>>> print(open('model05.txt').read())   # compact mmCIF, C-alpha atoms
# COMPACT_ATOMS: atom_id res chain seq x y z
CA MET A 634 116.60 107.32 -62.67
CA ALA A 635 118.67 106.26 -59.65
CA GLU A 636 118.01 108.32 -56.53
CA GLU A 637 121.75 108.74 -55.91
CA LYS A 638 122.32 110.25 -59.36
CA LYS A 639 119.34 112.58 -58.95
CA GLU A 640 120.65 113.69 -55.55
CA ILE A 641 124.08 114.43 -57.03
CA ILE A 642 122.49 116.62 -59.71
CA ARG A 643 120.36 118.43 -57.14
CA ARG A 644 123.31 119.25 -54.90
CA ARG A 645 125.44 120.49 -57.80
CA LEU A 646 122.67 122.72 -59.14
CA GLN A 647 121.85 124.04 -55.68
CA GLU A 648 125.47 125.04 -55.06
CA GLU A 649 125.58 126.89 -58.39
CA ILE A 650 122.30 128.69 -57.64
CA LEU A 651 123.44 129.75 -54.16
CA GLN A 652 126.62 131.24 -55.62
CA GLU A 653 124.63 133.34 -58.11
CA ILE A 654 122.03 134.73 -55.69
CA ASP A 655 122.34 138.43 -54.90
CA TYR A 656 121.72 138.51 -51.16
CA ALA A 657 121.78 142.32 -51.14
CA ARG A 658 118.32 142.59 -52.73
CA GLN A 659 114.93 141.18 -51.91
CA MET A 660 113.78 138.35 -54.15
CA SER A 661 110.25 136.96 -54.50
CA ASP A 662 109.46 133.25 -54.67
CA ASP A 663 108.65 133.59 -58.39
CA GLN A 664 112.03 135.19 -59.06
CA MET A 665 113.75 132.41 -57.13
CA LEU A 666 111.88 129.75 -59.11
CA SER A 667 112.88 131.49 -62.34
CA ILE A 668 116.57 131.30 -61.36
CA ILE A 669 116.16 127.62 -60.46
CA ASP A 670 114.46 126.88 -63.78
CA ASP A 671 117.33 128.49 -65.69
CA LYS A 672 119.67 125.92 -64.10
CA VAL A 673 117.40 122.86 -63.95
CA LEU A 674 116.17 122.97 -67.56
CA PRO A 675 119.61 122.65 -69.28
CA ALA A 676 120.75 120.09 -66.69
CA SER A 677 117.60 118.01 -67.16
CA LEU A 678 118.13 117.87 -70.95
CA ALA A 679 121.78 116.88 -70.55
CA ALA A 680 121.03 114.17 -67.98
CA GLY A 681 117.92 112.86 -69.69
CA LEU A 682 115.61 113.61 -66.76
CA THR A 683 111.92 112.96 -67.10
CA LEU A 684 109.44 115.79 -66.55
CA ARG A 685 108.53 114.36 -63.14
CA GLU A 686 112.17 114.06 -62.06
CA LYS A 687 112.84 117.61 -63.23
CA GLU A 688 109.89 118.91 -61.16
CA GLU A 689 111.07 116.97 -58.09
CA ILE A 690 114.57 118.48 -58.29
CA ARG A 691 113.12 121.95 -58.88
CA LEU A 692 110.93 121.75 -55.78
CA LEU A 693 113.67 120.18 -53.64
CA ILE A 694 116.03 123.04 -54.44
CA PHE A 695 113.34 125.66 -53.82
CA HIS A 696 112.32 124.08 -50.51
CA SER A 697 115.95 123.88 -49.43
CA ILE A 698 116.55 127.58 -50.14
CA ARG A 699 113.21 129.16 -49.23
CA ARG A 700 111.33 126.64 -47.08
CA PHE A 701 112.16 123.84 -44.63
CA ASP A 702 114.13 121.59 -46.99
CA VAL A 703 113.08 117.90 -46.84
CA LEU A 704 110.52 118.70 -44.12
CA GLN A 705 108.44 120.91 -46.42
CA ASP A 706 106.62 118.11 -48.26
CA LEU A 707 105.90 116.41 -44.93
CA LEU A 708 104.45 119.62 -43.51
CA GLU A 709 102.16 119.90 -46.54
CA ASP A 710 100.97 116.28 -46.37
CA PRO A 711 97.65 116.17 -44.44
CA LYS A 712 98.13 112.48 -43.62
CA VAL A 713 101.34 113.11 -41.65
CA SER A 714 100.57 113.63 -37.96
CA GLU A 715 104.10 113.49 -36.48
CA ILE A 716 107.56 114.27 -37.83
CA MET A 717 110.61 113.07 -35.87
CA VAL A 718 114.12 114.14 -36.92
CA ASN A 719 116.94 112.38 -35.08
CA GLY A 720 119.91 114.16 -36.60
CA PRO A 721 120.38 114.88 -40.33
CA ASP A 722 120.30 111.23 -41.42
CA HIS A 723 117.32 109.80 -39.55
CA ILE A 724 113.81 111.09 -40.28
CA PHE A 725 110.71 109.25 -39.06
CA VAL A 726 107.05 110.08 -39.64
CA GLU A 727 103.72 108.92 -38.34
CA LYS A 728 101.38 108.77 -41.32
CA SER A 729 97.81 107.46 -41.12
CA GLY A 730 98.68 105.98 -37.72
CA GLU A 731 101.76 104.07 -38.98
CA LEU A 732 105.32 104.93 -37.93
CA SER A 733 108.03 104.60 -40.60
CA ARG A 734 111.51 105.85 -41.51
CA LEU A 735 111.98 107.99 -44.61
CA PRO A 736 114.88 107.63 -47.06
CA ALA A 737 115.17 111.44 -47.22
CA GLN A 738 118.08 113.12 -45.42
CA PHE A 739 119.47 116.58 -44.82
CA THR A 740 122.64 117.32 -46.77
CA SER A 741 124.54 118.13 -43.57
CA PRO A 742 124.08 118.84 -39.86
CA GLU A 743 124.58 122.52 -40.70
CA LYS A 744 121.61 122.45 -43.10
CA LEU A 745 119.41 120.92 -40.41
CA GLU A 746 120.53 123.62 -37.99
CA ASP A 747 119.67 126.29 -40.58
CA VAL A 748 116.16 124.85 -40.89
CA ILE A 749 115.82 124.80 -37.11
CA GLN A 750 116.84 128.46 -36.88
CA SER A 751 114.32 129.34 -39.62
CA ILE A 752 111.54 127.58 -37.74
CA CYS A 753 112.42 129.27 -34.46
CA ALA A 754 112.71 132.69 -36.11
CA LEU A 755 109.21 132.35 -37.58
CA CYS A 756 107.89 131.45 -34.12
CA ASN A 757 109.74 134.31 -32.38
CA ARG A 758 111.84 131.83 -30.44
CA THR A 759 115.61 131.46 -30.07
CA VAL A 760 117.64 128.28 -29.65
CA SER A 761 121.41 127.85 -29.26
CA THR A 762 123.97 125.76 -27.43
CA ALA A 763 123.53 128.10 -24.46
CA SER A 764 119.75 127.50 -24.50
CA PRO A 765 119.44 124.18 -26.35
CA ILE A 766 115.77 123.34 -25.74
CA VAL A 767 112.82 125.22 -27.22
CA ASP A 768 109.09 124.70 -27.73
CA ALA A 769 107.44 126.59 -30.56
CA ARG A 770 104.34 126.66 -32.72
CA LEU A 771 104.13 127.04 -36.49
CA SER A 772 101.57 129.30 -38.18
CA ASP A 773 99.36 126.29 -38.97
CA GLY A 774 99.24 125.32 -35.29
CA SER A 775 101.82 122.51 -35.47
CA ARG A 776 103.75 122.03 -32.24
CA VAL A 777 107.56 121.99 -32.49
CA ASN A 778 110.13 120.79 -29.98
CA VAL A 779 113.86 121.27 -30.64
CA VAL A 780 116.80 119.90 -28.66
CA LEU A 781 120.37 120.78 -29.69
CA ALA A 782 123.83 119.68 -28.57
CA PRO A 783 125.25 119.31 -26.00
CA VAL A 784 121.95 117.95 -24.67
CA ALA A 785 121.20 115.89 -27.82
CA LEU A 786 124.14 113.57 -28.43
CA ASN A 787 123.03 112.20 -31.82
CA GLY A 788 122.56 115.50 -33.61
CA PRO A 789 119.84 118.17 -33.53
CA ILE A 790 116.48 116.63 -32.60
CA VAL A 791 113.25 118.05 -34.01
CA THR A 792 109.78 116.75 -33.19
CA ILE A 793 106.77 118.27 -34.93
CA ARG A 794 103.23 117.34 -33.88
CA ARG A 795 100.78 118.31 -36.61
CA PHE A 796 97.07 118.92 -36.22
CA PRO A 797 94.37 118.67 -38.90
CA GLU A 798 93.08 121.88 -40.46
CA LYS A 799 89.57 120.88 -39.44
CA PRO A 800 89.57 120.04 -35.72
CA ILE A 801 88.51 116.52 -34.82
CA GLY A 802 85.08 116.67 -33.17
CA MET A 803 83.05 114.26 -31.10
CA GLU A 804 81.29 112.91 -34.20
CA ASP A 805 84.71 112.01 -35.61
CA LEU A 806 85.74 110.29 -32.37
CA VAL A 807 82.55 108.24 -32.43
CA HIS A 808 83.26 107.31 -36.06
CA PHE A 809 86.83 106.29 -35.13
CA GLY A 810 85.48 104.11 -32.31
CA SER A 811 87.22 106.16 -29.61
CA ILE A 812 83.99 106.80 -27.68
CA SER A 813 80.32 105.77 -27.76
CA GLU A 814 77.33 107.97 -28.58
CA GLU A 815 75.89 107.27 -25.11
CA ILE A 816 78.98 108.64 -23.40
CA VAL A 817 79.07 111.65 -25.73
CA ALA A 818 75.51 112.55 -24.71
CA PHE A 819 76.49 112.11 -21.05
CA LEU A 820 79.56 114.36 -21.33
CA LYS A 821 77.66 116.96 -23.35
CA ASP A 822 75.24 117.52 -20.47
CA LEU A 823 78.07 117.65 -17.91
CA VAL A 824 80.06 120.24 -19.87
CA SER A 825 76.95 122.35 -20.49
CA ALA A 826 76.07 122.19 -16.80
CA GLY A 827 79.54 123.38 -15.74
CA TYR A 828 81.17 120.27 -14.27
CA ASN A 829 84.92 120.61 -13.79
CA ILE A 830 86.56 117.90 -15.89
CA PHE A 831 90.15 116.72 -15.91
CA ILE A 832 91.45 114.63 -18.81
CA SER A 833 94.29 112.21 -18.15
CA GLY A 834 96.28 109.84 -20.34
CA GLY A 835 99.70 108.92 -21.60
CA THR A 836 101.72 110.56 -24.36
CA GLY A 837 99.92 110.30 -27.70
CA SER A 838 96.62 109.21 -26.15
CA GLY A 839 94.78 112.19 -27.66
CA LYS A 840 94.28 114.41 -24.60
CA THR A 841 94.48 117.74 -26.46
CA THR A 842 92.27 116.44 -29.27
CA PHE A 843 89.68 115.22 -26.77
CA LEU A 844 89.80 118.47 -24.80
CA ASN A 845 89.20 120.42 -27.99
CA ALA A 846 86.29 118.16 -28.96
CA LEU A 847 84.82 118.42 -25.46
CA SER A 848 84.96 122.19 -25.72
CA GLU A 849 82.33 121.99 -28.49
CA PHE A 850 79.71 121.62 -25.76
CA ILE A 851 80.55 124.88 -23.98
CA PRO A 852 77.62 127.30 -24.46
CA LYS A 853 78.65 129.88 -27.05
CA THR A 854 77.42 132.77 -24.88
CA GLU A 855 80.12 132.23 -22.23
CA ARG A 856 83.48 133.98 -21.87
CA VAL A 857 86.24 131.38 -22.13
CA ILE A 858 89.98 131.81 -21.47
CA THR A 859 92.42 129.20 -22.77
CA ILE A 860 95.94 128.96 -21.34
CA GLU A 861 98.65 126.83 -22.97
CA ASP A 862 102.40 126.48 -23.31
CA ASN A 863 101.90 126.53 -27.07
CA ALA A 864 98.44 127.43 -28.36
CA GLU A 865 96.98 124.27 -29.91
CA LEU A 866 93.29 124.37 -29.03
CA GLN A 867 90.98 125.35 -31.88
CA ILE A 868 87.76 126.53 -30.25
CA ARG A 869 85.82 128.20 -33.03
CA HIS A 870 82.24 128.59 -31.82
CA ILE A 871 82.99 130.86 -28.85
CA GLU A 872 82.89 134.54 -29.76
CA ASN A 873 84.08 135.83 -26.37
CA LEU A 874 87.32 133.83 -26.39
CA VAL A 875 90.71 134.85 -24.95
CA THR A 876 93.76 132.78 -25.96
CA LEU A 877 96.86 133.05 -23.78
CA GLU A 878 100.26 131.47 -24.42
CA ALA A 879 103.22 131.13 -22.05
CA ARG A 880 106.61 132.61 -22.93
CA ASN A 881 110.06 131.30 -22.09
CA ALA A 882 112.98 133.47 -21.09
CA ASN A 883 115.39 134.27 -23.92
CA VAL A 884 118.86 135.65 -24.48
CA GLU A 885 117.45 139.12 -25.13
CA GLY A 886 116.52 139.32 -21.47
CA CYS A 887 112.75 138.78 -21.78
CA GLU A 888 111.35 137.51 -18.51
CA PRO A 889 109.47 134.19 -18.67
CA ILE A 890 105.68 134.24 -18.40
CA THR A 891 104.56 130.95 -16.92
CA ILE A 892 101.26 129.08 -16.91
CA ARG A 893 100.92 130.11 -13.25
CA ASP A 894 101.26 133.77 -14.19
CA LEU A 895 98.60 133.39 -16.88
CA ILE A 896 96.14 131.57 -14.63
CA ARG A 897 96.46 134.26 -11.97
CA SER A 898 96.03 136.99 -14.56
CA SER A 899 93.02 135.23 -16.11
CA LEU A 900 91.15 135.41 -12.80
CA ARG A 901 91.00 139.19 -13.30
CA MET A 902 89.57 138.87 -16.80
CA ARG A 903 86.06 137.90 -15.67
CA PRO A 904 86.16 134.35 -17.11
CA ASP A 905 83.19 132.00 -17.05
CA ARG A 906 85.49 129.08 -17.72
CA ILE A 907 89.26 128.58 -17.74
CA ILE A 908 90.77 125.89 -19.93
CA VAL A 909 94.40 124.99 -19.27
CA GLY A 910 95.93 122.91 -22.05
CA GLU A 911 98.07 120.84 -19.70
CA VAL A 912 99.35 121.08 -16.14
CA ARG A 913 102.83 119.75 -15.43
CA GLY A 914 103.94 121.43 -12.25
CA ALA A 915 103.17 124.09 -9.66
CA GLU A 916 100.42 125.62 -11.84
CA ALA A 917 98.20 122.72 -10.71
CA LEU A 918 97.66 124.61 -7.44
CA ASP A 919 96.35 127.70 -9.25
CA MET A 920 94.19 125.56 -11.54
CA ILE A 921 92.55 123.74 -8.64
CA GLN A 922 92.00 127.01 -6.78
CA ALA A 923 90.30 128.46 -9.87
CA MET A 924 88.01 125.43 -10.02
CA ASN A 925 87.19 125.97 -6.35
CA THR A 926 86.38 129.68 -6.67
CA GLY A 927 83.36 129.81 -8.92
CA HIS A 928 84.80 129.08 -12.36
CA ASP A 929 82.59 126.06 -12.98
CA GLY A 930 83.09 124.18 -16.21
CA SER A 931 86.87 124.60 -16.22
CA MET A 932 88.93 121.84 -17.83
CA SER A 933 92.52 120.72 -18.15
CA THR A 934 94.69 117.71 -19.02
CA GLY A 935 97.64 115.88 -17.52
CA HIS A 936 99.87 112.85 -18.03
CA ALA A 937 98.97 109.76 -16.00
CA ASN A 938 98.36 106.02 -16.36
CA SER A 939 94.94 106.02 -14.68
CA ALA A 940 92.43 108.29 -12.96
CA SER A 941 93.82 107.44 -9.53
CA ASP A 942 97.39 108.05 -10.73
CA MET A 943 96.27 111.46 -12.05
CA LEU A 944 95.12 112.45 -8.58
CA SER A 945 98.45 111.34 -7.10
CA ARG A 946 100.33 113.35 -9.73
CA LEU A 947 98.18 116.43 -9.11
CA GLU A 948 98.87 116.10 -5.40
CA THR A 949 102.61 116.08 -6.11
CA MET A 950 102.29 119.06 -8.49
CA VAL A 951 100.43 121.09 -5.89
CA LEU A 952 103.24 120.38 -3.43
CA PHE A 953 105.65 121.93 -5.96
CA GLY A 954 103.60 125.12 -5.68
CA THR A 955 103.41 125.29 -1.91
CA GLU A 956 104.82 123.44 1.05
CA ALA A 957 102.48 125.14 3.48
CA LEU A 958 99.43 122.99 2.72
CA PRO A 959 99.16 119.61 4.47
CA VAL A 960 98.39 116.62 2.27
CA ALA A 961 94.90 116.29 3.74
CA ALA A 962 94.07 119.87 2.73
CA ILE A 963 95.41 119.30 -0.78
CA ARG A 964 93.24 116.20 -1.20
CA SER A 965 90.24 118.10 0.06
CA GLN A 966 90.89 120.84 -2.51
CA LEU A 967 91.27 118.27 -5.29
CA SER A 968 88.06 116.46 -4.37
CA SER A 969 86.01 119.65 -4.21
CA GLY A 970 87.56 121.23 -7.33
CA ILE A 971 87.44 118.35 -9.81
CA ASP A 972 84.10 116.69 -10.55
CA LEU A 973 85.19 114.05 -13.04
CA ILE A 974 88.34 112.53 -14.50
CA VAL A 975 88.19 111.24 -18.07
CA HIS A 976 91.04 108.81 -18.74
CA LEU A 977 92.24 108.09 -22.28
CA GLY A 978 94.67 105.51 -23.57
CA ARG A 979 96.36 104.10 -26.65
CA LEU A 980 95.84 100.36 -26.99
CA ARG A 981 98.32 97.84 -28.37
CA ASP A 982 96.74 98.13 -31.85
CA ARG A 983 97.60 101.87 -31.61
CA SER A 984 93.93 102.88 -31.52
CA ARG A 985 92.98 105.63 -29.07
CA LYS A 986 90.09 104.98 -26.70
CA LEU A 987 88.29 106.56 -23.79
CA LEU A 988 89.13 103.97 -21.13
CA GLU A 989 87.41 105.30 -18.02
CA ILE A 990 85.21 108.05 -16.61
CA THR A 991 85.49 108.47 -12.85
CA GLU A 992 83.49 110.71 -10.56
CA ILE A 993 85.19 112.32 -7.56
CA ASP A 994 82.98 111.54 -4.58
CA GLY A 995 84.48 113.75 -1.90
CA CYS A 996 87.25 113.18 0.60
CA VAL A 997 86.78 110.90 3.63
CA ASP A 998 89.42 110.52 6.35
CA GLY A 999 92.04 112.18 4.14
CA LYS A 1000 91.36 109.86 1.19
CA VAL A 1001 89.76 110.91 -2.08
CA ILE A 1002 86.85 108.63 -3.02
CA LEU A 1003 86.63 107.60 -6.68
CA ARG A 1004 83.47 106.22 -8.30
CA PRO A 1005 84.05 104.76 -11.80
CA LEU A 1006 81.04 105.44 -14.03
CA TYR A 1007 82.13 104.01 -17.39
CA ARG A 1008 84.97 101.78 -18.52
CA PHE A 1009 86.11 100.21 -21.77
CA VAL A 1010 86.06 96.42 -21.92
CA GLU A 1011 87.90 94.39 -24.56
CA ASP A 1012 85.83 91.68 -26.24
CA ALA A 1013 88.19 90.24 -28.82
CA GLU A 1014 91.16 90.90 -31.06
CA GLU A 1015 90.64 90.25 -34.76
CA GLU A 1016 93.41 90.65 -37.33
CA GLY A 1017 95.37 92.86 -34.97
CA ARG A 1018 92.42 95.16 -34.21
CA ILE A 1019 90.83 95.32 -30.75
CA ARG A 1020 87.05 95.08 -30.48
CA GLY A 1021 85.27 96.11 -27.32
CA HIS A 1022 82.48 98.06 -25.69
CA TRP A 1023 81.87 100.55 -22.91
CA GLU A 1024 79.97 99.44 -19.87
CA GLN A 1025 78.35 101.65 -17.25
CA THR A 1026 79.46 100.65 -13.78
CA ASP A 1027 77.61 103.30 -11.74
CA THR A 1028 75.44 106.38 -12.08
CA LEU A 1029 76.41 109.99 -11.45
CA LYS A 1030 75.93 110.79 -7.77
CA HIS A 1031 76.47 114.55 -7.58
CA ARG A 1032 73.71 115.95 -9.79
CA GLY A 1033 73.32 119.44 -8.34
CA LYS A 1034 74.84 121.25 -11.34
CA LEU A 1035 72.63 119.30 -13.74
CA LEU A 1036 69.57 120.32 -11.74
CA LEU A 1037 70.59 123.98 -11.68
CA ALA A 1038 71.16 123.91 -15.43
CA GLY A 1039 67.84 122.18 -16.09
CA LEU A 1040 69.61 119.18 -17.61
CA GLU A 1041 68.72 116.45 -15.12
CA ARG A 1042 69.31 113.17 -16.91
CA LYS A 1043 66.68 110.45 -16.61
CA GLU A 1044 69.10 107.56 -16.44
CA ALA A 1045 67.89 104.05 -15.91
CA SER A 1046 68.94 102.63 -12.58
CA LEU A 1047 71.55 99.95 -12.73
CA GLU A 1048 70.00 96.51 -12.56
CA LYS A 1049 70.86 94.49 -9.50
CA ASP A 1050 71.76 90.84 -9.49
CA LEU A 1051 70.29 88.61 -6.84
CA ASP A 1052 73.47 88.87 -4.81
CA GLY A 1053 73.11 92.67 -4.77
CA THR A 1054 76.04 93.51 -7.04
CA SER A 1055 75.68 95.99 -9.85
CA LYS A 1056 74.98 94.64 -13.31
CA PRO A 1057 76.65 96.74 -16.03
CA CYS A 1058 74.48 98.31 -18.67
CA PRO A 1059 75.34 97.03 -22.16
CA GLY A 1060 77.64 99.29 -24.14
CA LYS A 1061 77.90 99.85 -27.86
CA ASP A 1062 80.33 97.55 -29.65
CA LEU A 1063 82.77 99.77 -31.56
CA SER A 1064 86.00 98.82 -33.19
CA SER A 1065 88.57 101.11 -34.69
>>> encode(input="model05.txt", output="structure tokens")
Amino acid sequence: MAEEKKEIIRRRLQEEILQEIDYARQMSDDQMLSIIDDKVLPASLAAGLTLREKEEIRLLIFHSIRRFDVLQDLLEDPKVSEIMVNGPDHIFVEKSGELSRLPAQFTSPEKLEDVIQSICALCNRTVSTASPIVDARLSDGSRVNVVLAPVALNGPIVTIRRFPEKPIGMEDLVHFGSISEEIVAFLKDLVSAGYNIFISGGTGSGKTTFLNALSEFIPKTERVITIEDNAELQIRHIENLVTLEARNANVEGCEPITIRDLIRSSLRMRPDRIIVGEVRGAEALDMIQAMNTGHDGSMSTGHANSASDMLSRLETMVLFGTEALPVAAIRSQLSSGIDLIVHLGRLRDRSRKLLEITEIDGCVDGKVILRPLYRFVEDAEEEGRIRGHWEQTDTLKHRGKLLLAGLERKEASLEKDLDGTSKPCPGKDLSS
């Protein structure tokens, strides 16, 4: 049956059902489905619909009235990782790593706005033309961003980042070819020993996923506090876990509670470790100060194109928080607070990789010294897929925390060529 004809039938039946609904009384989902069936069954016989087409129309009408309309099936599909709505007529999804446009559409801009209001209401958020931008989180942990007119010129914009029900762990990342087993063992010891680690990367490089996987190695006896704009981390093995989420100001007069406020409050909660989902501004100052005041093993993420760029961005963020500190003092704080930077990236074949691990080796003459320890090297590109390996470029210099934790690693010294330059250790060839 032609999709256009089926859509015409759906819209007609939906209008009839909406006119018959008694909005003065509560109605269960089963009762709603019963009303829909009373309309769909006669119409399906008259139009010669197949059983499958009848079921599709039935669910479309139900989702439009009681759920999130055309988005509902996407939200229930475990293979969909990103949903992008650019107005009522343009819906894109990322499914199994591939980006594509869907033929589905909302019946009108008003219907899309109704769905947006339903989403925001479930998340205890408000969005309007007066406050046209909102970040929210669905009950399944999916992250939602909404932008309305007059900011969005081509209709209401909705972006939904979905996360798997079972968090991706380090074993999964090794299987995907995003990291090697050698590096996993290395990072496991560093996290256990309480090294402060900062994860950098571009949008979509997998920073939150990697942070969550890295958190697997935190000893389960510790008290951990997570701080995020929208709670996305899924740390399940820590019993003494506190999860904090920022709050925006709203039209009801609620005062905003920022990441800075939460970090400062967390310091009075007797944390062993503080994990900040992402730093974007002045809260970087409070995060670095927490790392410098005995909260070893703290971690966070940030947007940057490389490890060195991440330090430059953090320096700028700290300046947002205070103008009293000279740049030299800020760099000294950064070098003493952060032990390692793990940089992630998304390659041209759209695979996500750990690209670099860099140790912070102090601050000399106002300049932060970086010592790259591992880096990803491309070997070849076969049928559009990148093959490569990780090579070790240096050994960890600051080993005090490993010694205190009884986890001193017996790493082989880097071989030296005759000219005295370091010879990289062979890495494991992994392709994704």
>>> residues_near_point(input="model05.txt", point="(74.3, 121.4, -22.5)", cutoff="10 Å", atoms="only C-alpha atoms", output="number ranges by chain")
A: 818-827, 850-852, 1035, 1038-1040
>>> write_last_selection(input="model05.txt", atoms="C-alpha atoms", output="compact mmCIF listing (two decimals), in the coordinates of the input")
# COMPACT_ATOMS: atom_id res chain seq x y z
CA ALA A 818 75.51 112.55 -24.71
CA PHE A 819 76.49 112.11 -21.05
CA LEU A 820 79.56 114.36 -21.33
CA LYS A 821 77.66 116.96 -23.35
CA ASP A 822 75.24 117.52 -20.47
CA LEU A 823 78.07 117.65 -17.91
CA VAL A 824 80.06 120.24 -19.87
CA SER A 825 76.95 122.35 -20.49
CA ALA A 826 76.07 122.19 -16.80
CA GLY A 827 79.54 123.38 -15.74
CA PHE A 850 79.71 121.62 -25.76
CA ILE A 851 80.55 124.88 -23.98
CA PRO A 852 77.62 127.30 -24.46
CA LEU A 1035 72.63 119.30 -13.74
CA ALA A 1038 71.16 123.91 -15.43
CA GLY A 1039 67.84 122.18 -16.09
CA LEU A 1040 69.61 119.18 -17.61
>>> closest_residue(input="model05.txt", among="A:Val807, A:Ile832, A:Leu786, A:Leu866", to="A:Gly978", atoms="only C-alpha atoms")
A:Ile832
>>> closest_residue(input="model05.txt", among="A:Pro800, A:Glu815, A:Ser933, A:Glu888", to="A:Glu861", atoms="all atoms listed in the file")
A:Ser933
>>> closest_residue(input="model05.txt", among="A:Arg1032, A:Arg758, A:His723, A:Arg856", to="A:Ile790", atoms="only C-alpha atoms")
A:His723
>>> residues_around(input="model05.txt", residues="A:His928", least_positions_apart="2", cutoff="12 Å", atoms="only C-alpha atoms", output="JSON, numbers by chain")
{"A": [826, 827, 828, 829, 830, 855, 856, 857, 858, 896, 899, 900, 901, 902, 903, 904, 905, 906, 907, 908, 920, 921, 922, 923, 924, 925, 926, 930, 931, 932, 970, 971]}
>>> atom_distance(input="model05.txt", atom1="atom CA of A:Arg981", atom2="atom CA of A:Leu806")
18.1 Å
>>> atom_distance(input="model05.txt", atom1="atom CA of A:Glu1011", atom2="atom CA of A:Ser848")
28.0 Å
>>> residues_around(input="model05.txt", residues="A:Gly914", least_positions_apart="2", cutoff="7 Å", atoms="only C-alpha atoms", output="ChimeraX atom specification")
/A:912,916-917,950,953
>>> residues_near_point(input="model05.txt", point="(76.2, 111.7, -34.3)", cutoff="12 Å", atoms="only C-alpha atoms", output="PyMOL selection string")
chain A and resi 802-809+812-818
>>> write_last_selection(input="model05.txt", atoms="C-alpha atoms", output="compact mmCIF listing (two decimals), keeping the file's coordinate frame")
# COMPACT_ATOMS: atom_id res chain seq x y z
CA GLY A 802 85.08 116.67 -33.17
CA MET A 803 83.05 114.26 -31.10
CA GLU A 804 81.29 112.91 -34.20
CA ASP A 805 84.71 112.01 -35.61
CA LEU A 806 85.74 110.29 -32.37
CA VAL A 807 82.55 108.24 -32.43
CA HIS A 808 83.26 107.31 -36.06
CA PHE A 809 86.83 106.29 -35.13
CA ILE A 812 83.99 106.80 -27.68
CA SER A 813 80.32 105.77 -27.76
CA GLU A 814 77.33 107.97 -28.58
CA GLU A 815 75.89 107.27 -25.11
CA ILE A 816 78.98 108.64 -23.40
CA VAL A 817 79.07 111.65 -25.73
CA ALA A 818 75.51 112.55 -24.71
>>> closest_residue(input="model05.txt", among="A:Gly834, A:Ile871, A:Glu956, A:Arg979", to="A:Glu911", atoms="all atoms listed in the file")
A:Gly834
>>> atom_distance(input="model05.txt", atom1="atom CA of A:Arg897", atom2="atom CA of A:Val909")
12.0 Å
